[in-house]
Structure formats: structure tokens, C-alpha cells
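S.K.: Mind looking over this structure? Questions follow.
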Amino acid sequence: MTMSIDELEELARRCRVEIVKMVYRAQAGHPGGSLSEIDLLCALYGNYLRVKPDDPEWDDRDRFILSKGHASPGMYAILAEMNFISSQDLESYRVLGGVCQGHVDSKWCPGVDFSAGSLGMGLSFGMGCAVAGRLSNSNRNVFVMLGDGEIQEGSVWEAAMAAKHHELGNLKVILDCNRIQNDDFCETQMRMFDIPAKWRSFGWDVKEIDGHNMEQITEGLDFLVQNKANPSVLIAHTIKGKGVSYMEDNPAFHGAAPNDEQYSVAMSELGEVVS
Amino acid sequence: MTRMAATRDGYGQALLDMASNEKVVVLEADLGKSTKSLHFRKAYPERTVSCGIGEQNMMLTAAGLAASGYIPFASTFAIFTERAFEQMRNGIARPNLPVHLCGSHGGTHTGTDGSSAQSIEDLAIFRTLPNVVVLHPCDDVSTRVLTNQLIELNQPSYTRTARNKTPVFYDGRENEVTIGKGVVLNTGSDVAIIACGVMVSEAMKAAESLATKGINAAVVDMHTIKPLDTELIDKLARDCGALVTAEDHNIIGGLGGSVAEFLSSNIPTPLERVGVKDRFGESGQAAEMLDLMEISAPFIALAAERAINRKQ
């Protein structure tokens, strides 16, 4: 059953609340990139990804690879909403023995296909999944979410070149372009110039959207799933820390937790009453 | 006349042996002619993934295949596997995916390409990764047998093969070769020489020369560096009281380091380690390199006498 735009927006709001709660409880983690990606994840899981929460290892599931694995609170929030994990599991984020490891890990968390944590690795892994899908005569899709800072890793472009060489039309990238990386703005750390042109020159089909506009996200994901001729990339322009005013566009909240006062402000802005 | 062969040919044969299993896939990084995966590629192009000159991508593509139920065999030069070490660590070893990596042209024995191509660290670095099995067979027959056994392993592995031909020991003895079990190729009670890869034949030559001096040296082919056959090493330590390791690898962290770790914690025994003395090589023929690095048979024999002299 398809979720409406309103339902997806409410789903994303609830996820944002959980993202901030996770990072606040752990007093560590990566809120900025979780908040920038979450609208995309909600639409993907809500309406597109063919997965079975009661059978996470289902062979013929679509794959979702969070290559920017530090943005794990976003993924845990949507996995809990989809019932891959429980809401109690979210309290285990960064806690010894918890299913919600600091970076998403397939050995620890149901519904996680790729053990991430080192940037630049997910697209190659996704390529392997896409080759496997073709060898298995399956029409399943492989979605890989990359961060824009992440594509500074050279191996991303090894994979981009190889995916087109092998004509992997079942491989789809969602690029979370939030313009900020660990230390500062991408523009300062390493200018990437014309990102869409780079992907096009590697033979990929490209579409750009506002990554916080659910209608545009829906159009973008339609483009990815309908395009089977080429590997394709959805370039989503997002705002790091989206939804929490003091985190928005602020490099300080790439990897930092809110204090008590900031936490209250965040909950209030996200429409959550703190008891 | 002893048959001569290169271990990399055993790897290529093994891939063909396993091809009837449709889950077996092969990955290459533009060196299939050298690592010998080319035979599989020619026969099964649909199950061979060319990754171009891109080792990092190759390793993780293999990981994605393994996570999807396939059994990938990826190869390149031993030295270039090191470029993808972190991919092996984070993308393969950590999730314990059965990706089988083969590094050919390992060691100084690879010869005239010079030091940039002479991996002398690979056994050490891959040995440090949890879940990873590390193999370094000595001839084409044992390489073929061991590679065939990997298919049942269900965990990642690294196998070093060599470029150049060395004497074959296992013709007709295929059933003596098992992952994790060293093979006693020569019995002896005065000293035990534990060798791997191209150094096994050097160890056999050393044993012959020691015999002319009345010294009975056991020679063991320790084709599995990890998990180490500690039961056998314990027995050799008790029976011989002096040990030598021999490897075409840095003296730090490889077979010698591995044996030393076991002995020092369990059964302290005089041990002499023959290996590359923490230096880089240069261009030269295989035999010249072993002499230059002071790891050829005469140096093993000298080490054996030193080990014997250290017995209490």
C-alpha cells in the first residue's frame, strides 16, 4: 500500500525525533547526515524498497546499502518504523552489545545489508550485489546511498566506471548532497565542481531533486526504479541537520550530540513533547 | 627428474575444477593472464567479472557477491592485494564473507620486476585479520588441492602463490594436503625446518646438506599460516628441541613470527627464523634473490646448526 505525501512527511518527522534522541542519549554520533538523508530513506522504505521485515534475509529482496554508515541513526529510525527492529532497540545505539552499533553493521542489525563505517566502500559492494542479481536472473534492485563528501574517495569512481562497463541497470545511487563533511563545508575541504557532469561522464543517468521535498523525492525514486538501461544516480540536494534549526547547515553537528538545552529545543521544533 | 611447476598454475586449474558449482565466480583486475584465472574466464565469461585496474573495487564487488550467496575467487599480484587491505579488513573479514583472495607473484622470488612487485608483507598483514585463513602452498598440486578446499570454508581466505617454477612434491600425494595441517616431508630428530611456499624446496635441499654432516633435519611444509598447526609444532619442538622457520617474506610477522608466538607462550624452544631481514629487494633472478636475501638452502642449513647449538 502506497504511503501518501502527508504520511511520508509525518513518518520523517517521527524519525527525526528518534535520530535526535539516539544521539542525545549516546552523547555521540552523527545527527547532521542522518537528518539530511531521512526524507529520502522514508520515501524509499515507505514506497519502493521490496523487503520483508519478518524475513530480513529473504534472498530476492531489494538491497539497500548505506555507504555513509555513520548516518546510522537515520537508518535505525526507519528500520524501527518498518519493524525490522524494535523501538527499544533504538536505545542500544552505541551501547555495548546493542544491535544499533555506531556504524550500521550487518552482523548486528536485522535489515542491514552492508557493514559500513569506512567511506567509499558501499558502491563497490552494491556492484557485487547487482552482478549477483543479474547472475540469479532476478529483477531486484540495489540502492546505494552515498554522501557527497564521500565521493572524494577514489574507489567510488572505480566502482562508477565498472558499473557502467558491466551495464548494471539494476544499480541505483542516491547521493545525499548536504554540502558538509567532517571538518567543514565540502567546498573548503575538497571542491568537487560539477558533480552531475562527473556521473554523466561515467555513463550514468542522472536526475537532481530537492531531497526534502517528498513530491520531488517520489519523482526521483520513480526515475531510479524505472530506469533499467543504465546505472542511475539521484542527486538529492539536502540540508545537513534539516529540521533542527541550530544543526542546519552547521558543520559542528556533523558528529556532535546536543546538550540538554539544545535537546529540548530540538524536540520542540520537531513537534515532540518532552515529559 | 623432478617435475617443476608454478603454484599459480595450480590456482588456475582449481578454478576450472570448481566451475561445476554455479555459485563460483571469478574476479580479475587485469592480471588474469598472470594469476592464471584466465582459463576460467575463457571457459566461463558470464561468471567472470573484470574490474579493470581497480583492486579496491574488485574486493568489495566480491564481498557483494559473497553476501548474495556466491563464492567469489578474486586474484591479482600479492603486492596489489595490499592496496585493498582495508577493503579486506572492513568489507570482507569483519562481516566474515567467504571471499577468496589470491595474491600471485609473492615474495622476492618473483624476481626481475624488482622491489615494487616483491610482496614481503602480505602473509603478515592478512594474518592479523580475524576470520581470515592464510595459505602459502609450495607446489602446483597442493595449491590446486587447497584452493578446491576453500569452497567449503565459509570464511574469507588469502592465498599467496608464486610466479616462478619450483620442484613439485605432491604428485600422487594429493590426499595428504588439508587446510590447517602441516605436512612432514622429511623426518628427522635433530632439528625441524618449518617452511612455506618456494622455501619448502630450499628447506629440503638444506636437509640434504645437513644429512652429509650427520644432522637429521625434519622438513615441514606449513602451507597454512593461519590457523597454524600448533599441534604439529608442539610435537616438533618436543621431538627435535630446535626449530627453524624459512619463508620468502619479511622476518617480521609471517611464518616465523607466527611460530615464535606459539613457542614463546607454550613451549619455549630454540628457534632460528630465516626470512627477509626487514629490507626491500631489487631486480634479479629468483635464485639470485634468495641468495641476496640470505634465505636460500645454505642459509637455512646454517640456521639449523645455530638452532641445534642453542639446545640446553
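Chains: A, B, ... in order of the C-alpha cells. Residues: from 1 per chain. Ligands: from 1, in order shown.
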Near B:His109, within 10 Å and counting only C-alpha atoms, which residues show up once chain neighbours fewer than 3 positions away are dropped, as number ranges by chain?

M.R.: B: 105-106, 112, 114, 118-119, 162-165, 198-199, 248-249, 281, 284-290, 293

S.K.: Just to be explicit: take each residue in the selection above, keep N, CA and C atoms, and write the result as a PDB file, in the first residue's frame.

M.R.:
```pdb
ATOM      1  N   HIS B 105      52.614 -14.013  -7.577  1.00  0.00           N
ATOM      2  CA  HIS B 105      53.882 -13.288  -7.702  1.00  0.00           C
ATOM      3  C   HIS B 105      54.366 -12.752  -6.351  1.00  0.00           C
ATOM      4  N   GLY B 106      54.112 -13.531  -5.287  1.00  0.00           N
ATOM      5  CA  GLY B 106      54.536 -13.083  -3.962  1.00  0.00           C
ATOM      6  C   GLY B 106      56.029 -13.290  -3.746  1.00  0.00           C
ATOM      7  N   THR B 112      62.737 -10.326 -11.376  1.00  0.00           N
ATOM      8  CA  THR B 112      63.332  -9.171 -12.051  1.00  0.00           C
ATOM      9  C   THR B 112      62.430  -7.944 -12.103  1.00  0.00           C
ATOM     10  N   GLY B 114      61.561  -6.423  -9.701  1.00  0.00           N
ATOM     11  CA  GLY B 114      62.149  -5.548  -8.692  1.00  0.00           C
ATOM     12  C   GLY B 114      61.293  -5.379  -7.449  1.00  0.00           C
ATOM     13  N   GLN B 118      57.679  -7.127  -5.268  1.00  0.00           N
ATOM     14  CA  GLN B 118      58.041  -8.242  -4.375  1.00  0.00           C
ATOM     15  C   GLN B 118      57.347  -8.084  -3.027  1.00  0.00           C
ATOM     16  N   SER B 119      56.152  -8.638  -2.925  1.00  0.00           N
ATOM     17  CA  SER B 119      55.426  -8.546  -1.654  1.00  0.00           C
ATOM     18  C   SER B 119      56.143  -9.347  -0.588  1.00  0.00           C
ATOM     19  N   ALA B 162      53.138 -18.173  -6.271  1.00  0.00           N
ATOM     20  CA  ALA B 162      54.413 -17.647  -6.767  1.00  0.00           C
ATOM     21  C   ALA B 162      54.432 -17.649  -8.286  1.00  0.00           C
ATOM     22  N   ARG B 163      55.241 -16.764  -8.822  1.00  0.00           N
ATOM     23  CA  ARG B 163      55.352 -16.640 -10.273  1.00  0.00           C
ATOM     24  C   ARG B 163      56.149 -17.788 -10.878  1.00  0.00           C
ATOM     25  N   ASN B 164      57.268 -18.120 -10.254  1.00  0.00           N
ATOM     26  CA  ASN B 164      58.265 -18.988 -10.901  1.00  0.00           C
ATOM     27  C   ASN B 164      58.143 -20.451 -10.479  1.00  0.00           C
ATOM     28  N   LYS B 165      58.688 -21.301 -11.335  1.00  0.00           N
ATOM     29  CA  LYS B 165      58.562 -22.741 -11.105  1.00  0.00           C
ATOM     30  C   LYS B 165      59.494 -23.218  -9.993  1.00  0.00           C
ATOM     31  N   VAL B 198      57.857 -21.160  -1.731  1.00  0.00           N
ATOM     32  CA  VAL B 198      59.059 -21.521  -2.501  1.00  0.00           C
ATOM     33  C   VAL B 198      60.197 -21.961  -1.602  1.00  0.00           C
ATOM     34  N   MET B 199      60.109 -21.717  -0.308  1.00  0.00           N
ATOM     35  CA  MET B 199      61.191 -22.086   0.607  1.00  0.00           C
ATOM     36  C   MET B 199      61.140 -23.551   1.020  1.00  0.00           C
ATOM     37  N   ASP B 248      59.962 -16.772   2.260  1.00  0.00           N
ATOM     38  CA  ASP B 248      60.351 -15.682   1.361  1.00  0.00           C
ATOM     39  C   ASP B 248      59.433 -14.504   1.685  1.00  0.00           C
ATOM     40  N   HIS B 249      59.684 -13.896   2.826  1.00  0.00           N
ATOM     41  CA  HIS B 249      58.767 -12.905   3.416  1.00  0.00           C
ATOM     42  C   HIS B 249      59.574 -12.168   4.470  1.00  0.00           C
ATOM     43  N   GLY B 281      63.842  -5.628  -1.668  1.00  0.00           N
ATOM     44  CA  GLY B 281      64.651  -6.342  -2.645  1.00  0.00           C
ATOM     45  C   GLY B 281      65.100  -5.448  -3.786  1.00  0.00           C
ATOM     46  N   GLY B 284      66.403  -9.065  -9.931  1.00  0.00           N
ATOM     47  CA  GLY B 284      67.337 -10.180 -10.005  1.00  0.00           C
ATOM     48  C   GLY B 284      66.574 -11.448 -10.319  1.00  0.00           C
ATOM     49  N   GLN B 285      67.285 -12.494 -10.752  1.00  0.00           N
ATOM     50  CA  GLN B 285      66.633 -13.777 -10.985  1.00  0.00           C
ATOM     51  C   GLN B 285      66.192 -14.381  -9.650  1.00  0.00           C
ATOM     52  N   ALA B 286      65.221 -15.290  -9.711  1.00  0.00           N
ATOM     53  CA  ALA B 286      64.650 -15.848  -8.482  1.00  0.00           C
ATOM     54  C   ALA B 286      65.736 -16.417  -7.567  1.00  0.00           C
ATOM     55  N   ALA B 287      66.611 -17.243  -8.124  1.00  0.00           N
ATOM     56  CA  ALA B 287      67.650 -17.871  -7.303  1.00  0.00           C
ATOM     57  C   ALA B 287      68.613 -16.818  -6.751  1.00  0.00           C
ATOM     58  N   GLU B 288      68.910 -15.831  -7.586  1.00  0.00           N
ATOM     59  CA  GLU B 288      69.797 -14.755  -7.117  1.00  0.00           C
ATOM     60  C   GLU B 288      69.175 -14.003  -5.946  1.00  0.00           C
ATOM     61  N   MET B 289      67.861 -13.817  -6.021  1.00  0.00           N
ATOM     62  CA  MET B 289      67.188 -13.079  -4.943  1.00  0.00           C
ATOM     63  C   MET B 289      67.257 -13.847  -3.627  1.00  0.00           C
ATOM     64  N   LEU B 290      67.047 -15.170  -3.688  1.00  0.00           N
ATOM     65  CA  LEU B 290      67.089 -15.947  -2.446  1.00  0.00           C
ATOM     66  C   LEU B 290      68.476 -15.891  -1.819  1.00  0.00           C
ATOM     67  N   MET B 293      69.027 -12.293  -0.394  1.00  0.00           N
ATOM     68  CA  MET B 293      68.260 -12.104   0.841  1.00  0.00           C
ATOM     69  C   MET B 293      68.735 -13.044   1.955  1.00  0.00           C
TER      70      MET B 293
END
```

S.K.: As a VMD selection string, please: every residue in stretch 206-250 of chain A that DSSP puts in strand (DSSP E).

M.R.: chain A and resid 206 to 210 232 to 237

S.K.: Would you save the residues of that selection, restricted to N, CA, C and O atoms, as a compact mmCIF listing (two decimals), in the first residue's frame?

M.R.:
```txt
# COMPACT_ATOMS: atom_id res chain seq x y z
N VAL A 206 21.33 10.60 -14.75
CA VAL A 206 21.35 11.49 -13.59
C VAL A 206 20.04 12.27 -13.48
O VAL A 206 19.50 12.72 -14.50
N LYS A 207 19.55 12.40 -12.27
CA LYS A 207 18.42 13.31 -12.01
C LYS A 207 18.72 14.06 -10.72
O LYS A 207 19.24 13.48 -9.77
N GLU A 208 18.38 15.33 -10.70
CA GLU A 208 18.60 16.14 -9.50
C GLU A 208 17.26 16.55 -8.89
O GLU A 208 16.32 16.89 -9.61
N ILE A 209 17.22 16.52 -7.57
CA ILE A 209 15.99 16.90 -6.86
C ILE A 209 16.33 17.66 -5.58
O ILE A 209 17.47 17.65 -5.12
N ASP A 210 15.30 18.23 -4.99
CA ASP A 210 15.36 18.75 -3.62
C ASP A 210 15.08 17.55 -2.71
O ASP A 210 14.00 16.98 -2.73
N SER A 232 22.01 4.40 -12.48
CA SER A 232 21.45 5.75 -12.38
C SER A 232 21.68 6.33 -11.00
O SER A 232 21.75 5.60 -10.00
N VAL A 233 21.77 7.64 -10.97
CA VAL A 233 22.04 8.33 -9.71
C VAL A 233 21.04 9.45 -9.51
O VAL A 233 20.77 10.23 -10.43
N LEU A 234 20.48 9.48 -8.31
CA LEU A 234 19.58 10.56 -7.92
C LEU A 234 20.38 11.50 -7.03
O LEU A 234 20.79 11.13 -5.93
N ILE A 235 20.63 12.68 -7.55
CA ILE A 235 21.39 13.66 -6.78
C ILE A 235 20.41 14.51 -5.98
O ILE A 235 19.65 15.29 -6.53
N ALA A 236 20.42 14.28 -4.67
CA ALA A 236 19.45 14.94 -3.80
C ALA A 236 20.14 16.09 -3.07
O ALA A 236 21.07 15.86 -2.29
N HIS A 237 19.69 17.28 -3.35
CA HIS A 237 20.24 18.45 -2.65
C HIS A 237 19.55 18.56 -1.30
O HIS A 237 18.32 18.69 -1.24
```

S.K.: Counting only C-alpha atoms, which of A:Ile19, A:Leu90, A:Pro110, A:Ala28 gets nearest to A:Asp54?

M.R.: A:Pro110

S.K.: Could you list, as a ChimeraX atom specification, every residue of chain B that has an atom within 10 Å of an atom of chain A, counting only C-alpha atoms?

M.R.: /B:22-23,25,46-47,49-70,72,84,86-87,90-92,94-96

S.K.: Tell me, as a ChimeraX atom specification, which residues lie within 12 Å of stretch 2-16 of chain A, counting only C-alpha atoms; anything in the same chain fewer than 6 positions away does not count.

M.R.: /A:22-23,31-49,72-82,87,90,212-219,241-244,266-273

S.K.: To one decimal place in Å, what is the distance between atom CA of B:Ser264 and atom CA of B:Asp278?

M.R.: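 Separating atom CA of B:Ser264 from atom CA of B:Asp278 is a distance of 21.3 Å.
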
S.K.: Find the spatial neighbours of stretch 139-153 of chain B, counting only C-alpha atoms, within a cut-off of 6 Å - ignore same-chain residues fewer than 4 positions away - and output them as a ChimeraX atom specification.

M.R.: /B:6-7,10-11,14,168,170

S.K.: Taking only C-alpha atoms into account, name the residue in B:His39, B:Lys33, B:His223, B:Arg127 that is nearest to B:Thr178.

M.R.: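 Going through B:His39, B:Lys33, B:His223, B:Arg127 one by one, the smallest distance to B:Thr178 is for B:His223.
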
S.K.: Could you please determine the separation between atom CA of B:Gly241 and atom CA of B:Ala192 in Å, to one decimal place?

M.R.: 8.3 Å

S.K.: So which residues of stretch 227-260 of chain B fall under alpha helix (DSSP H) by DSSP, listed as a list in words?

M.R.: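 Listing alpha helix (DSSP H) positions across stretch 227-260 of chain B yields Thr230, Glu231, Leu232, Ile233, Asp234, Lys235, Leu236, Ala237, Arg238, Asp239, Cys240, Leu255, Gly256, Gly257, Ser258, Val259 and Ala260 of chain B.
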
S.K.: Return the single residue from B:Ala206, B:Ala195, B:Leu31, B:Ala117 that is closest to B:Glu282, with distances computed using only C-alpha atoms.

M.R.: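 For B:Glu282, the nearest of the candidates is B:Ala117.
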
S.K.: What does the distance from atom CA of B:Arg41 to atom CA of B:Ile79 come to in Å, to one decimal?

M.R.: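 Atom CA of B:Ile79 lies at a distance of 22.2 Å from atom CA of B:Arg41.
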
S.K.: Using only C-alpha atoms, which protein or nucleic acid residues come within 9 Å of B:Ser34? Drop anything in the same chain fewer than 4 positions from it, and give the result as a list in words.

M.R.: Arg8, Asp30, Leu38, Thr76, Phe77, Ser104, His105 and Arg163 of chain B
